[in-house]
2 protein chains.
Amino acid sequence: MSRRILIVEDEAPIRDMLCFVLEQNGYQASVAGDFEAAINQLVEPYPDLVLLDWMLPGGSGIQIAKKMKQHELTRNIPIIMITARGEEEDKVRGLEVGADDYVTKPFSPKELMARIKAVIRRVAPTSLDEVIDIQGLKLDPVSHRVTASENPLDMGPTEFRLLHFFMTHPERVYSREQLLDHVWGTNVYVEDRTVDVHIRRLRKAISVAGHDRLVQTVRGSGYRFSVK
Amino acid sequence: MSRRILIVEDEAPIRDMLCFVLEQNGYQASVAGDFEAAINQLVEPYPDLVLLDWMLPGGSGIQIAKKMKQHELTRNIPIIMITARGEEEDKVRGLEVGADDYVTKPFSPKELMARIKAVIRRVAPTSLDEVIDIQGLKLDPVSHRVTASENPLDMGPTEFRLLHFFMTHPERVYSREQLLDHVWGTNVYVEDRTVDVHIRRLRKAISVAGHDRLVQTVRGSGYRFSVK
DNA sequence: CTTTTATTTCATAAAATTGTCATAATTAGC
DNA sequence: GCTAATTATGACAATTTTATGAAATAAAAG
């Protein structure tokens with residue numbers, strides 16, 4: 001499973017070039033030529049990063065960034081701005097609005113890839129198919145397997161996704177609704193309390209080596225995955 | 001969670017413009033076109049700031065400001081007045097009545113945002129989800145956890161909210177009623193003395209590292225969170 | 001179509017939190 | 001030191017929230 005990158009760029013040739021470069025480097029690329037299209041692409045499955053041309057007609061580049069920051073589910077998607085040479089002012093504004101980095105046209109594919117990798121590494125220190133190991137609890141996204149000190153743990157698909165989400169977002173409370181959004185996906189009509197049941201099964205599954213203490217109840221707020 | 005801003009402005013186009021600009025900048029905007037509507041919006045959840053057109057028909061702009069200053073719960077909500085060019089007199093009166101700043105029509109979105117940010121920063125120096133650390137007592141809104149020198153402290157939801165309120169409003173006495181309003185929410189029918197019990201529970205929870213001395217009794221007035 | 005597996009819902013048990021009260025302790029004024 | 005006012009504290013019953021097991025549905029695999 002590779003990372004998805006959304007390219008927002010009005011000039012078709014540049015867009016195609018970016019698309020090509022990204023795919024060469026093992027990313028999945030989606031494209032949008034204007035504000036409208038960009039917003040439509042900002043839904044499930046959410047891109048892992050947005051490459052955003054600042055100079056969209058009508059100045060809508062910055063609007064997209066702002067819109068993303070407003071919504072809970074897109075707020076944390078990293079943004080790399082593409083700016084024209086010398087538009088120093090834009091860079092400043094961009095970083096203010098919440099862009100994570102920028103590249104200046106013209107740029108080399110090499111530079112672009114380096115920046116993308118850097119941002120992704122910073123935002124999601126856990127690579128998509130790297131084993132996540134938290135206190136001996138190992139989750140391997142590639143083999144889709146969870147182990148605790150070498151013995152495999154058995155759990156259902158939902159519990160796996162839930163654990164995966166938790167392990168990639170530790171030390172943070174999530175309400176039942178947020179968990180439904182992130183693990184089940186938006187616009188699913190599922191009872192809040194269903195989360196409890198899956199938490200229960202997840203705990204049971206990882207309890208053999210005592211890891212169930214990592215899944216913590218935060219009364220009145222939700223659940224948290226934490227080593228403390 | 002973003003900050004809420006109430007816009008009080010009778011001219012619809014300006015109102016919409018303000019609304020747009022604020023939302024672009026990541027704020028939640030509510031609107032009111034007249035005195036009546038403004039008062040109705042001044043309830044829970046309270047806005048974090050009010051953007052108030054001084055020139056409402058019937059001079060009701062100033063009335064709204066006065067009314068806000070009369071009521072305990074709205075008294076501390078910052079107000080930015082919108083005045084017409086050259087109405088120097090208004091500015092003076094506005095600041096007298098308790099406005100925190102003003103912008104003069106016509107103004108640029110940039111200027112407006114700068115003033116809003118400045119006022120909010122002054123009034124609420126603590127960002128919404130930043131760890132608050134007072135003398136080694138740390139409260140992390142994100143993970144929803146309180147720690148004293150690395151060890152997590154255990155407390156109920158109400159104690160957590162109470163502590164959070166205290167830590168964001170230190171060095172200031174609050175009566176039991178005020179605490180009920182701010183921590184429990186208005187229109188809850190709860191005995192005054194109940195606050196004592198929760199203060200007690202909070203103190204107990206944070207007493208392990210001696211932090212209970214931060215929660216101080218002000219005899220005859222209420223309680224205060226203070227490092228002195 | 002049947003069997004198996006996974007998911008959701010529901011009912012109930014268990015646990016934690018909450019507000020109130022009664023009583024003890026403290027404080028301030030005399 | 002004495003009294004009155006105010007605050008602290010412990011206990012408890014009611015309520016709310018979470019945990020859990022089991023049954024009903026839905027989905028996937030044979």
# chains A, B, ... in the order shown; residues from 1 in each chain; ligands from 1
>>> interface_residues(of="chain B", to="chain A", cutoff="12 Å", atoms="only C-alpha atoms", output="short mmCIF file (atom, residue, chain, number, x, y, z; two decimals) with N, CA and C atoms, in the first residue's frame")
data_model
loop_
_atom_site.label_atom_id
_atom_site.label_comp_id
_atom_site.auth_asym_id
_atom_site.auth_seq_id
_atom_site.Cartn_x
_atom_site.Cartn_y
_atom_site.Cartn_z
N MET B 1 -10.60 22.00 17.83
CA MET B 1 -11.67 22.96 18.21
C MET B 1 -11.21 24.39 17.96
N SER B 2 -12.00 25.12 17.22
CA SER B 2 -11.57 26.47 16.88
C SER B 2 -12.33 27.49 17.72
N ARG B 3 -11.86 28.70 17.64
CA ARG B 3 -12.49 29.78 18.40
C ARG B 3 -13.76 30.25 17.71
N PHE B 20 -17.22 35.24 5.87
CA PHE B 20 -16.35 34.53 4.93
C PHE B 20 -14.88 34.63 5.36
N VAL B 21 -14.47 35.85 5.63
CA VAL B 21 -13.07 36.06 6.00
C VAL B 21 -12.71 35.27 7.26
N LEU B 22 -13.59 35.31 8.24
CA LEU B 22 -13.30 34.61 9.48
C LEU B 22 -13.19 33.11 9.26
N GLU B 23 -14.14 32.59 8.49
CA GLU B 23 -14.11 31.15 8.28
C GLU B 23 -12.90 30.73 7.47
N GLN B 24 -12.51 31.59 6.56
CA GLN B 24 -11.29 31.31 5.81
C GLN B 24 -10.10 31.20 6.73
N ASN B 25 -10.17 31.92 7.81
CA ASN B 25 -9.03 31.94 8.72
C ASN B 25 -9.18 30.95 9.87
N GLY B 26 -10.11 30.05 9.69
CA GLY B 26 -10.19 28.97 10.65
C GLY B 26 -10.99 29.26 11.90
N TYR B 27 -11.79 30.33 11.87
CA TYR B 27 -12.64 30.58 13.02
C TYR B 27 -14.05 30.10 12.72
N GLN B 28 -14.79 29.86 13.78
CA GLN B 28 -16.20 29.58 13.62
C GLN B 28 -16.92 30.91 13.74
N ALA B 29 -17.78 31.23 12.81
CA ALA B 29 -18.45 32.52 12.87
C ALA B 29 -19.94 32.34 13.12
N LYS B 110 -6.84 41.59 6.12
CA LYS B 110 -5.56 41.35 6.78
C LYS B 110 -5.47 42.12 8.10
N ASP B 129 -5.04 23.91 22.51
CA ASP B 129 -4.62 22.57 22.86
C ASP B 129 -3.11 22.47 22.99
N ASP B 140 -2.35 18.36 29.70
CA ASP B 140 -2.31 18.23 28.25
C ASP B 140 -3.72 18.00 27.71
N PRO B 141 -4.30 19.03 27.08
CA PRO B 141 -5.67 18.90 26.58
C PRO B 141 -5.79 17.85 25.48
N VAL B 142 -4.71 17.64 24.75
CA VAL B 142 -4.76 16.70 23.63
C VAL B 142 -4.89 15.25 24.11
N SER B 143 -4.01 14.89 25.00
CA SER B 143 -4.10 13.51 25.49
C SER B 143 -5.04 13.45 26.68
N HIS B 144 -5.53 14.61 27.08
CA HIS B 144 -6.49 14.69 28.18
C HIS B 144 -5.90 14.06 29.43
N ARG B 145 -4.71 14.58 29.78
CA ARG B 145 -4.03 13.98 30.91
C ARG B 145 -3.30 15.02 31.74
N VAL B 146 -3.28 14.77 33.03
CA VAL B 146 -2.56 15.64 33.94
C VAL B 146 -1.41 14.86 34.53
N THR B 147 -0.22 15.46 34.51
CA THR B 147 0.92 14.78 35.09
C THR B 147 1.69 15.72 35.99
N GLU B 150 6.08 13.73 35.37
CA GLU B 150 5.97 12.50 34.57
C GLU B 150 4.92 11.50 35.02
N ASN B 151 4.54 11.50 36.30
CA ASN B 151 3.50 10.52 36.60
C ASN B 151 2.10 11.08 36.47
N PRO B 152 1.28 10.30 35.79
CA PRO B 152 -0.09 10.70 35.53
C PRO B 152 -0.89 10.80 36.83
N LEU B 153 -1.72 11.79 36.91
CA LEU B 153 -2.59 11.95 38.06
C LEU B 153 -4.00 11.53 37.67
N ASP B 154 -4.66 10.94 38.63
CA ASP B 154 -5.98 10.43 38.35
C ASP B 154 -7.04 11.38 38.92
N MET B 155 -8.00 11.73 38.10
CA MET B 155 -9.10 12.57 38.61
C MET B 155 -10.32 12.41 37.73
N GLY B 156 -11.47 12.79 38.25
CA GLY B 156 -12.70 12.68 37.49
C GLY B 156 -12.82 13.78 36.45
N PRO B 157 -13.75 13.65 35.53
CA PRO B 157 -13.95 14.62 34.47
C PRO B 157 -14.19 16.04 35.00
N THR B 158 -14.98 16.18 36.03
CA THR B 158 -15.25 17.52 36.55
C THR B 158 -14.00 18.14 37.13
N GLU B 159 -13.22 17.33 37.83
CA GLU B 159 -11.98 17.86 38.39
C GLU B 159 -11.04 18.29 37.27
N PHE B 160 -11.05 17.51 36.19
CA PHE B 160 -10.21 17.86 35.06
C PHE B 160 -10.62 19.21 34.47
N ARG B 161 -11.91 19.37 34.27
CA ARG B 161 -12.39 20.64 33.71
C ARG B 161 -12.09 21.81 34.65
#
>>> residues_around(residues="Gly210 in chain A", least_positions_apart="6", cutoff="12 Å", atoms="only C-alpha atoms (C1' of nucleotides)", output="list in words")
Gln135, Gly136, Leu137, Ala148, Ser149, Arg203, Lys204 and Val227 of chain A
>>> write_last_selection(atoms="N, CA and C atoms", output="PDB file, in the first residue's frame")
ATOM      1  N   GLN A 135       6.494  -0.786  22.826  1.00  0.00           N
ATOM      2  CA  GLN A 135       6.670  -1.612  24.012  1.00  0.00           C
ATOM      3  C   GLN A 135       6.491  -3.094  23.736  1.00  0.00           C
ATOM      4  N   GLY A 136       7.127  -3.526  22.656  1.00  0.00           N
ATOM      5  CA  GLY A 136       7.102  -4.954  22.369  1.00  0.00           C
ATOM      6  C   GLY A 136       5.862  -5.420  21.630  1.00  0.00           C
ATOM      7  N   LEU A 137       4.916  -4.547  21.498  1.00  0.00           N
ATOM      8  CA  LEU A 137       3.738  -4.874  20.691  1.00  0.00           C
ATOM      9  C   LEU A 137       4.051  -4.441  19.271  1.00  0.00           C
ATOM     10  N   ALA A 148       3.265 -10.088  19.803  1.00  0.00           N
ATOM     11  CA  ALA A 148       3.799  -9.619  21.071  1.00  0.00           C
ATOM     12  C   ALA A 148       4.868 -10.611  21.472  1.00  0.00           C
ATOM     13  N   SER A 149       6.090 -10.147  21.552  1.00  0.00           N
ATOM     14  CA  SER A 149       7.249 -11.001  21.805  1.00  0.00           C
ATOM     15  C   SER A 149       7.160 -12.302  21.006  1.00  0.00           C
ATOM     16  N   ARG A 203      -8.668  -5.162  23.257  1.00  0.00           N
ATOM     17  CA  ARG A 203      -7.979  -5.362  24.528  1.00  0.00           C
ATOM     18  C   ARG A 203      -7.770  -6.839  24.800  1.00  0.00           C
ATOM     19  N   LYS A 204      -8.804  -7.587  24.580  1.00  0.00           N
ATOM     20  CA  LYS A 204      -8.716  -9.021  24.825  1.00  0.00           C
ATOM     21  C   LYS A 204      -7.607  -9.633  23.961  1.00  0.00           C
ATOM     22  N   VAL A 227       1.542   4.858  26.351  1.00  0.00           N
ATOM     23  CA  VAL A 227       2.484   3.985  27.054  1.00  0.00           C
ATOM     24  C   VAL A 227       2.624   4.374  28.516  1.00  0.00           C
TER      25      VAL A 227
END
>>> closest_atom_pairs(of="chain B", to="chain C", cutoff="8 Å", atoms="only C-alpha atoms (C1' of nucleotides)", output="tab-separated table")
residue	atom	partner	partner_atom	distance
B:Gly156	CA	C:DT17	C1'	6.7
B:Val190	CA	C:DG19	C1'	7.4
B:Glu191	CA	C:DG19	C1'	7.7
B:Thr194	CA	C:DG19	C1'	6.5
>>> calpha_fit_and_write(fixed="chain A", moving="chain B", output="JSON list (two decimals) with C-alpha atoms, in the first residue's frame")
[["chain", "number", "residue", "atom", "x", "y", "z"],
["B", 1, "MET", "CA", 0.57, -0.07, -1.25],
["B", 2, "SER", "CA", 2.04, 3.29, -2.06],
["B", 3, "ARG", "CA", 1.31, 6.75, -0.78],
["B", 4, "ARG", "CA", -1.19, 8.94, -2.56],
["B", 5, "ILE", "CA", -0.36, 12.52, -3.42],
["B", 6, "LEU", "CA", -2.87, 15.07, -4.65],
["B", 7, "ILE", "CA", -1.56, 17.67, -7.07],
["B", 8, "VAL", "CA", -3.52, 20.92, -7.23],
["B", 9, "GLU", "CA", -2.22, 23.02, -10.09],
["B", 10, "ASP", "CA", -4.03, 24.91, -12.81],
["B", 11, "GLU", "CA", -1.35, 24.85, -15.48],
["B", 12, "ALA", "CA", -1.69, 21.56, -17.29],
["B", 13, "PRO", "CA", 1.94, 21.15, -18.36],
["B", 14, "ILE", "CA", 3.24, 21.62, -14.84],
["B", 15, "ARG", "CA", 0.53, 19.35, -13.55],
["B", 16, "ASP", "CA", 1.52, 16.63, -15.96],
["B", 17, "MET", "CA", 5.15, 17.06, -15.13],
["B", 18, "LEU", "CA", 4.47, 16.74, -11.43],
["B", 19, "CYS", "CA", 2.31, 13.74, -12.05],
["B", 20, "PHE", "CA", 5.04, 12.11, -14.05],
["B", 21, "VAL", "CA", 7.75, 12.80, -11.52],
["B", 22, "LEU", "CA", 5.67, 11.51, -8.65],
["B", 23, "GLU", "CA", 4.73, 8.33, -10.42],
["B", 24, "GLN", "CA", 8.31, 7.76, -11.38],
["B", 25, "ASN", "CA", 9.11, 7.86, -7.74],
["B", 26, "GLY", "CA", 6.58, 5.29, -6.80],
["B", 27, "TYR", "CA", 3.76, 7.49, -5.59],
["B", 28, "GLN", "CA", 0.18, 7.40, -6.70],
["B", 29, "ALA", "CA", -0.77, 10.79, -8.06],
["B", 30, "SER", "CA", -4.21, 12.32, -8.36],
["B", 31, "VAL", "CA", -4.67, 15.69, -9.98],
["B", 32, "ALA", "CA", -6.99, 18.65, -9.69],
["B", 33, "GLY", "CA", -6.98, 21.76, -11.84],
["B", 34, "ASP", "CA", -9.14, 24.05, -9.76],
["B", 35, "PHE", "CA", -10.75, 24.59, -6.41],
["B", 36, "GLU", "CA", -13.79, 22.52, -7.24],
["B", 37, "ALA", "CA", -11.81, 19.51, -8.40],
["B", 38, "ALA", "CA", -9.45, 19.74, -5.45],
["B", 39, "ILE", "CA", -12.29, 19.61, -2.96],
["B", 40, "ASN", "CA", -13.77, 16.65, -4.75],
["B", 41, "GLN", "CA", -10.51, 14.79, -4.45],
["B", 42, "LEU", "CA", -10.28, 15.44, -0.76],
["B", 43, "VAL", "CA", -12.36, 12.46, 0.17],
["B", 44, "GLU", "CA", -11.72, 8.86, 0.83],
["B", 45, "PRO", "CA", -9.29, 7.50, 0.18],
["B", 46, "TYR", "CA", -7.59, 10.57, 1.53],
["B", 47, "PRO", "CA", -4.32, 11.59, -0.05],
["B", 48, "ASP", "CA", -1.26, 11.29, 2.14],
["B", 49, "LEU", "CA", 0.00, 14.67, 1.03],
["B", 50, "VAL", "CA", -1.21, 17.63, -1.03],
["B", 51, "LEU", "CA", 1.01, 19.52, -3.40],
["B", 52, "LEU", "CA", -0.70, 22.86, -3.72],
["B", 53, "ASP", "CA", -0.06, 25.65, -6.16],
["B", 54, "TRP", "CA", -0.48, 28.88, -4.27],
["B", 55, "MET", "CA", -1.22, 30.91, -7.36],
["B", 56, "LEU", "CA", -4.44, 29.34, -8.47],
["B", 57, "PRO", "CA", -6.69, 31.80, -10.31],
["B", 58, "GLY", "CA", -8.79, 33.72, -7.84],
["B", 59, "GLY", "CA", -6.40, 33.01, -5.04],
["B", 60, "SER", "CA", -8.14, 29.77, -4.33],
["B", 61, "GLY", "CA", -4.95, 28.01, -3.34],
["B", 62, "ILE", "CA", -5.09, 29.53, 0.07],
["B", 63, "GLN", "CA", -8.81, 28.74, 0.26],
["B", 64, "ILE", "CA", -8.12, 25.10, -0.25],
["B", 65, "ALA", "CA", -5.56, 25.08, 2.53],
["B", 66, "LYS", "CA", -7.98, 26.86, 4.84],
["B", 67, "LYS", "CA", -10.79, 24.53, 3.97],
["B", 68, "MET", "CA", -8.56, 21.57, 4.68],
["B", 69, "LYS", "CA", -7.65, 22.93, 8.06],
["B", 70, "GLN", "CA", -11.30, 23.37, 8.91],
["B", 71, "HIS", "CA", -12.23, 19.81, 8.44],
["B", 72, "GLU", "CA", -11.22, 17.28, 10.96],
["B", 73, "LEU", "CA", -10.34, 14.61, 8.48],
["B", 74, "THR", "CA", -8.19, 16.69, 6.20],
["B", 75, "ARG", "CA", -6.61, 18.81, 8.88],
["B", 76, "ASN", "CA", -3.61, 16.61, 9.33],
["B", 77, "ILE", "CA", -2.83, 15.96, 5.72],
["B", 78, "PRO", "CA", 0.47, 17.71, 5.07],
["B", 79, "ILE", "CA", 0.57, 20.45, 2.45],
["B", 80, "ILE", "CA", 3.51, 21.51, 0.36],
["B", 81, "MET", "CA", 2.94, 24.84, -1.37],
["B", 82, "ILE", "CA", 4.27, 25.69, -4.76],
["B", 83, "THR", "CA", 5.13, 29.38, -4.93],
["B", 84, "ALA", "CA", 6.64, 31.63, -7.54],
["B", 85, "ARG", "CA", 10.13, 32.92, -6.99],
["B", 86, "GLY", "CA", 10.42, 35.82, -4.67],
["B", 87, "GLU", "CA", 6.91, 35.75, -3.30],
["B", 88, "GLU", "CA", 8.32, 35.73, 0.16],
["B", 89, "GLU", "CA", 5.11, 37.10, 1.49],
["B", 90, "ASP", "CA", 3.21, 34.12, 0.22],
["B", 91, "LYS", "CA", 5.51, 31.74, 1.96],
["B", 92, "VAL", "CA", 4.88, 33.39, 5.23],
["B", 93, "ARG", "CA", 1.16, 33.38, 4.74],
["B", 94, "GLY", "CA", 1.29, 29.81, 3.58],
["B", 95, "LEU", "CA", 3.10, 28.60, 6.62],
["B", 96, "GLU", "CA", 0.67, 30.58, 8.72],
["B", 97, "VAL", "CA", -2.29, 28.88, 7.15],
["B", 98, "GLY", "CA", -0.70, 25.58, 7.91],
["B", 99, "ALA", "CA", 1.40, 24.52, 4.98],
["B", 100, "ASP", "CA", 4.22, 22.23, 6.02],
["B", 101, "ASP", "CA", 6.80, 23.27, 3.50],
["B", 102, "TYR", "CA", 7.10, 25.03, 0.16],
["B", 103, "VAL", "CA", 9.00, 24.74, -3.06],
["B", 104, "THR", "CA", 9.74, 27.68, -5.28],
["B", 105, "LYS", "CA", 9.18, 27.59, -9.02],
["B", 106, "PRO", "CA", 11.18, 26.61, -10.86],
["B", 107, "PHE", "CA", 12.29, 23.61, -8.87],
["B", 108, "SER", "CA", 14.08, 20.40, -9.73],
["B", 109, "PRO", "CA", 12.34, 17.07, -9.41],
["B", 110, "LYS", "CA", 15.10, 16.11, -7.05],
["B", 111, "GLU", "CA", 14.40, 18.97, -4.71],
["B", 112, "LEU", "CA", 10.69, 18.32, -4.85],
["B", 113, "MET", "CA", 11.10, 14.67, -4.01],
["B", 114, "ALA", "CA", 13.43, 15.46, -1.17],
["B", 115, "ARG", "CA", 10.89, 17.79, 0.38],
["B", 116, "ILE", "CA", 8.04, 15.38, -0.11],
["B", 117, "LYS", "CA", 10.00, 12.60, 1.52],
["B", 118, "ALA", "CA", 11.01, 14.82, 4.39],
["B", 119, "VAL", "CA", 7.46, 15.92, 5.07],
["B", 120, "ILE", "CA", 6.07, 12.42, 4.86],
["B", 121, "ARG", "CA", 8.79, 11.12, 7.12],
["B", 122, "ARG", "CA", 7.99, 13.76, 9.65],
["B", 123, "VAL", "CA", 4.26, 13.24, 9.56],
["B", 124, "ALA", "CA", 4.21, 9.48, 9.23],
["B", 125, "PRO", "CA", 7.42, 8.16, 10.68],
["B", 126, "THR", "CA", 6.16, 4.62, 10.37],
["B", 127, "SER", "CA", 6.62, 3.08, 7.00],
["B", 128, "LEU", "CA", 3.60, 1.50, 5.44],
["B", 129, "ASP", "CA", 4.52, -2.10, 5.94],
["B", 130, "GLU", "CA", 7.08, -2.24, 8.61],
["B", 131, "VAL", "CA", 6.61, -4.09, 11.85],
["B", 132, "ILE", "CA", 5.51, -1.71, 14.56],
["B", 133, "ASP", "CA", 6.80, -2.68, 17.98],
["B", 134, "ILE", "CA", 5.56, -0.87, 21.04],
["B", 135, "GLN", "CA", 6.66, -2.31, 24.30],
["B", 136, "GLY", "CA", 6.81, -5.83, 22.98],
["B", 137, "LEU", "CA", 3.45, -5.60, 21.28],
["B", 138, "LYS", "CA", 4.24, -6.20, 17.64],
["B", 139, "LEU", "CA", 1.98, -5.54, 14.71],
["B", 140, "ASP", "CA", 3.14, -6.79, 11.35],
["B", 141, "PRO", "CA", 1.12, -5.35, 8.46],
["B", 142, "VAL", "CA", 2.73, -7.75, 5.99],
["B", 143, "SER", "CA", 1.75, -10.97, 7.64],
["B", 144, "HIS", "CA", -1.25, -9.21, 9.12],
["B", 145, "ARG", "CA", -0.49, -10.46, 12.56],
["B", 146, "VAL", "CA", -0.20, -9.16, 16.08],
["B", 147, "THR", "CA", 2.11, -10.84, 18.54],
["B", 148, "ALA", "CA", 3.10, -10.28, 22.12],
["B", 149, "SER", "CA", 6.43, -11.86, 22.94],
["B", 150, "GLU", "CA", 6.20, -14.29, 20.06],
["B", 151, "ASN", "CA", 2.71, -15.58, 20.60],
["B", 152, "PRO", "CA", 0.12, -14.54, 18.11],
["B", 153, "LEU", "CA", -2.89, -12.68, 19.40],
["B", 154, "ASP", "CA", -6.30, -13.31, 18.04],
["B", 155, "MET", "CA", -8.63, -10.48, 17.12],
["B", 156, "GLY", "CA", -11.23, -9.50, 14.56],
["B", 157, "PRO", "CA", -10.53, -7.36, 11.50],
["B", 158, "THR", "CA", -11.93, -4.20, 13.07],
["B", 159, "GLU", "CA", -9.84, -4.64, 16.18],
["B", 160, "PHE", "CA", -6.82, -5.12, 13.97],
["B", 161, "ARG", "CA", -7.48, -1.91, 12.08],
["B", 162, "LEU", "CA", -8.15, -0.09, 15.30],
["B", 163, "LEU", "CA", -4.92, -1.28, 16.83],
["B", 164, "HIS", "CA", -3.04, -0.45, 13.67],
["B", 165, "PHE", "CA", -4.41, 3.07, 13.75],
["B", 166, "PHE", "CA", -3.54, 3.45, 17.41],
["B", 167, "MET", "CA", -0.03, 2.14, 17.00],
["B", 168, "THR", "CA", 0.64, 4.52, 14.13],
["B", 169, "HIS", "CA", -0.85, 7.43, 16.06],
["B", 170, "PRO", "CA", 0.18, 6.95, 19.66],
["B", 171, "GLU", "CA", 0.14, 9.47, 22.48],
["B", 172, "ARG", "CA", -2.89, 11.30, 21.19],
["B", 173, "VAL", "CA", -6.51, 11.32, 22.21],
["B", 174, "TYR", "CA", -9.15, 10.47, 19.66],
["B", 175, "SER", "CA", -12.85, 10.99, 20.15],
["B", 176, "ARG", "CA", -15.19, 8.17, 19.27],
["B", 177, "GLU", "CA", -16.22, 10.06, 16.18],
["B", 178, "GLN", "CA", -12.66, 10.51, 15.06],
["B", 179, "LEU", "CA", -11.99, 6.85, 15.55],
["B", 180, "LEU", "CA", -15.06, 5.98, 13.52],
["B", 181, "ASP", "CA", -13.85, 8.24, 10.75],
["B", 182, "HIS", "CA", -10.34, 6.89, 10.70],
["B", 183, "VAL", "CA", -10.89, 3.24, 11.37],
["B", 184, "TRP", "CA", -14.34, 2.60, 9.99],
["B", 185, "GLY", "CA", -14.18, 5.20, 7.25],
["B", 186, "THR", "CA", -16.34, 8.23, 6.73],
["B", 187, "ASN", "CA", -19.98, 8.12, 5.80],
["B", 188, "VAL", "CA", -20.63, 5.00, 7.77],
["B", 189, "TYR", "CA", -23.64, 5.21, 9.98],
["B", 190, "VAL", "CA", -22.56, 3.62, 13.20],
["B", 191, "GLU", "CA", -23.43, 4.39, 16.77],
["B", 192, "ASP", "CA", -20.79, 6.26, 18.78],
["B", 193, "ARG", "CA", -20.94, 3.76, 21.57],
["B", 194, "THR", "CA", -20.00, 0.97, 19.25],
["B", 195, "VAL", "CA", -16.46, 2.17, 19.59],
["B", 196, "ASP", "CA", -16.56, 1.27, 23.28],
["B", 197, "VAL", "CA", -17.37, -2.28, 22.43],
["B", 198, "HIS", "CA", -14.50, -2.60, 20.00],
["B", 199, "ILE", "CA", -12.14, -0.96, 22.45],
["B", 200, "ARG", "CA", -13.29, -3.57, 24.89],
["B", 201, "ARG", "CA", -12.63, -6.37, 22.41],
["B", 202, "LEU", "CA", -9.25, -4.96, 21.51],
["B", 203, "ARG", "CA", -8.26, -4.71, 25.14],
["B", 204, "LYS", "CA", -9.33, -8.23, 25.76],
["B", 205, "ALA", "CA", -7.32, -9.46, 22.80],
["B", 206, "ILE", "CA", -4.10, -7.78, 23.84],
["B", 207, "SER", "CA", -4.55, -8.29, 27.54],
["B", 208, "VAL", "CA", -2.82, -11.66, 27.70],
["B", 209, "ALA", "CA", 0.58, -10.04, 28.16],
["B", 210, "GLY", "CA", -0.83, -7.01, 29.95],
["B", 211, "HIS", "CA", -0.80, -4.73, 26.96],
["B", 212, "ASP", "CA", -4.35, -3.62, 27.54],
["B", 213, "ARG", "CA", -2.99, -0.83, 29.70],
["B", 214, "LEU", "CA", -1.74, 0.81, 26.50],
["B", 215, "VAL", "CA", -5.31, 1.49, 25.43],
["B", 216, "GLN", "CA", -6.37, 4.21, 27.77],
["B", 217, "THR", "CA", -9.70, 5.84, 28.43],
["B", 218, "VAL", "CA", -9.72, 9.60, 28.50],
["B", 219, "ARG", "CA", -12.90, 10.37, 30.28],
["B", 220, "GLY", "CA", -15.03, 12.90, 28.46],
["B", 221, "SER", "CA", -12.78, 12.87, 25.39],
["B", 222, "GLY", "CA", -12.23, 9.45, 23.99],
["B", 223, "TYR", "CA", -9.35, 7.01, 23.89],
["B", 224, "ARG", "CA", -5.62, 7.15, 23.62],
["B", 225, "PHE", "CA", -2.86, 4.68, 22.87],
["B", 226, "SER", "CA", 0.03, 5.47, 25.12],
["B", 227, "VAL", "CA", 2.98, 3.86, 26.80],
["B", 228, "LYS", "CA", 2.81, 6.15, 29.78]]
>>> select_by_dssp(residues="range 179-225 of chain A", states="strand (DSSP E or B)", output="list in words")
Val215, Gln216, Thr217, Val218, Gly222, Tyr223, Arg224 and Phe225 of chain A
>>> write_last_selection(atoms="C-alpha atoms", output="PDB file, in the first residue's frame")
ATOM      1  CA  VAL A 215      -5.604   1.042  25.421  1.00  0.00           C
ATOM      2  CA  GLN A 216      -6.909   3.420  28.022  1.00  0.00           C
ATOM      3  CA  THR A 217     -10.374   4.637  28.809  1.00  0.00           C
ATOM      4  CA  VAL A 218     -10.722   8.356  29.293  1.00  0.00           C
ATOM      5  CA  GLY A 222     -13.225   8.457  24.770  1.00  0.00           C
ATOM      6  CA  TYR A 223     -10.151   6.289  24.441  1.00  0.00           C
ATOM      7  CA  ARG A 224      -6.438   6.802  24.232  1.00  0.00           C
ATOM      8  CA  PHE A 225      -3.456   4.689  23.248  1.00  0.00           C
TER       9      PHE A 225
END
>>> interface_residues(of="chain D", to="chain A", cutoff="10 Å", atoms="only C-alpha atoms (C1' of nucleotides)", output="MDAnalysis selection string")
chainID D and resid 16:20
>>> select_by_dssp(residues="range 140-214 of chain A", states="helix (DSSP H, G or I)", output="ChimeraX atom specification")
/A:157-168,176-184,194-209,211-214
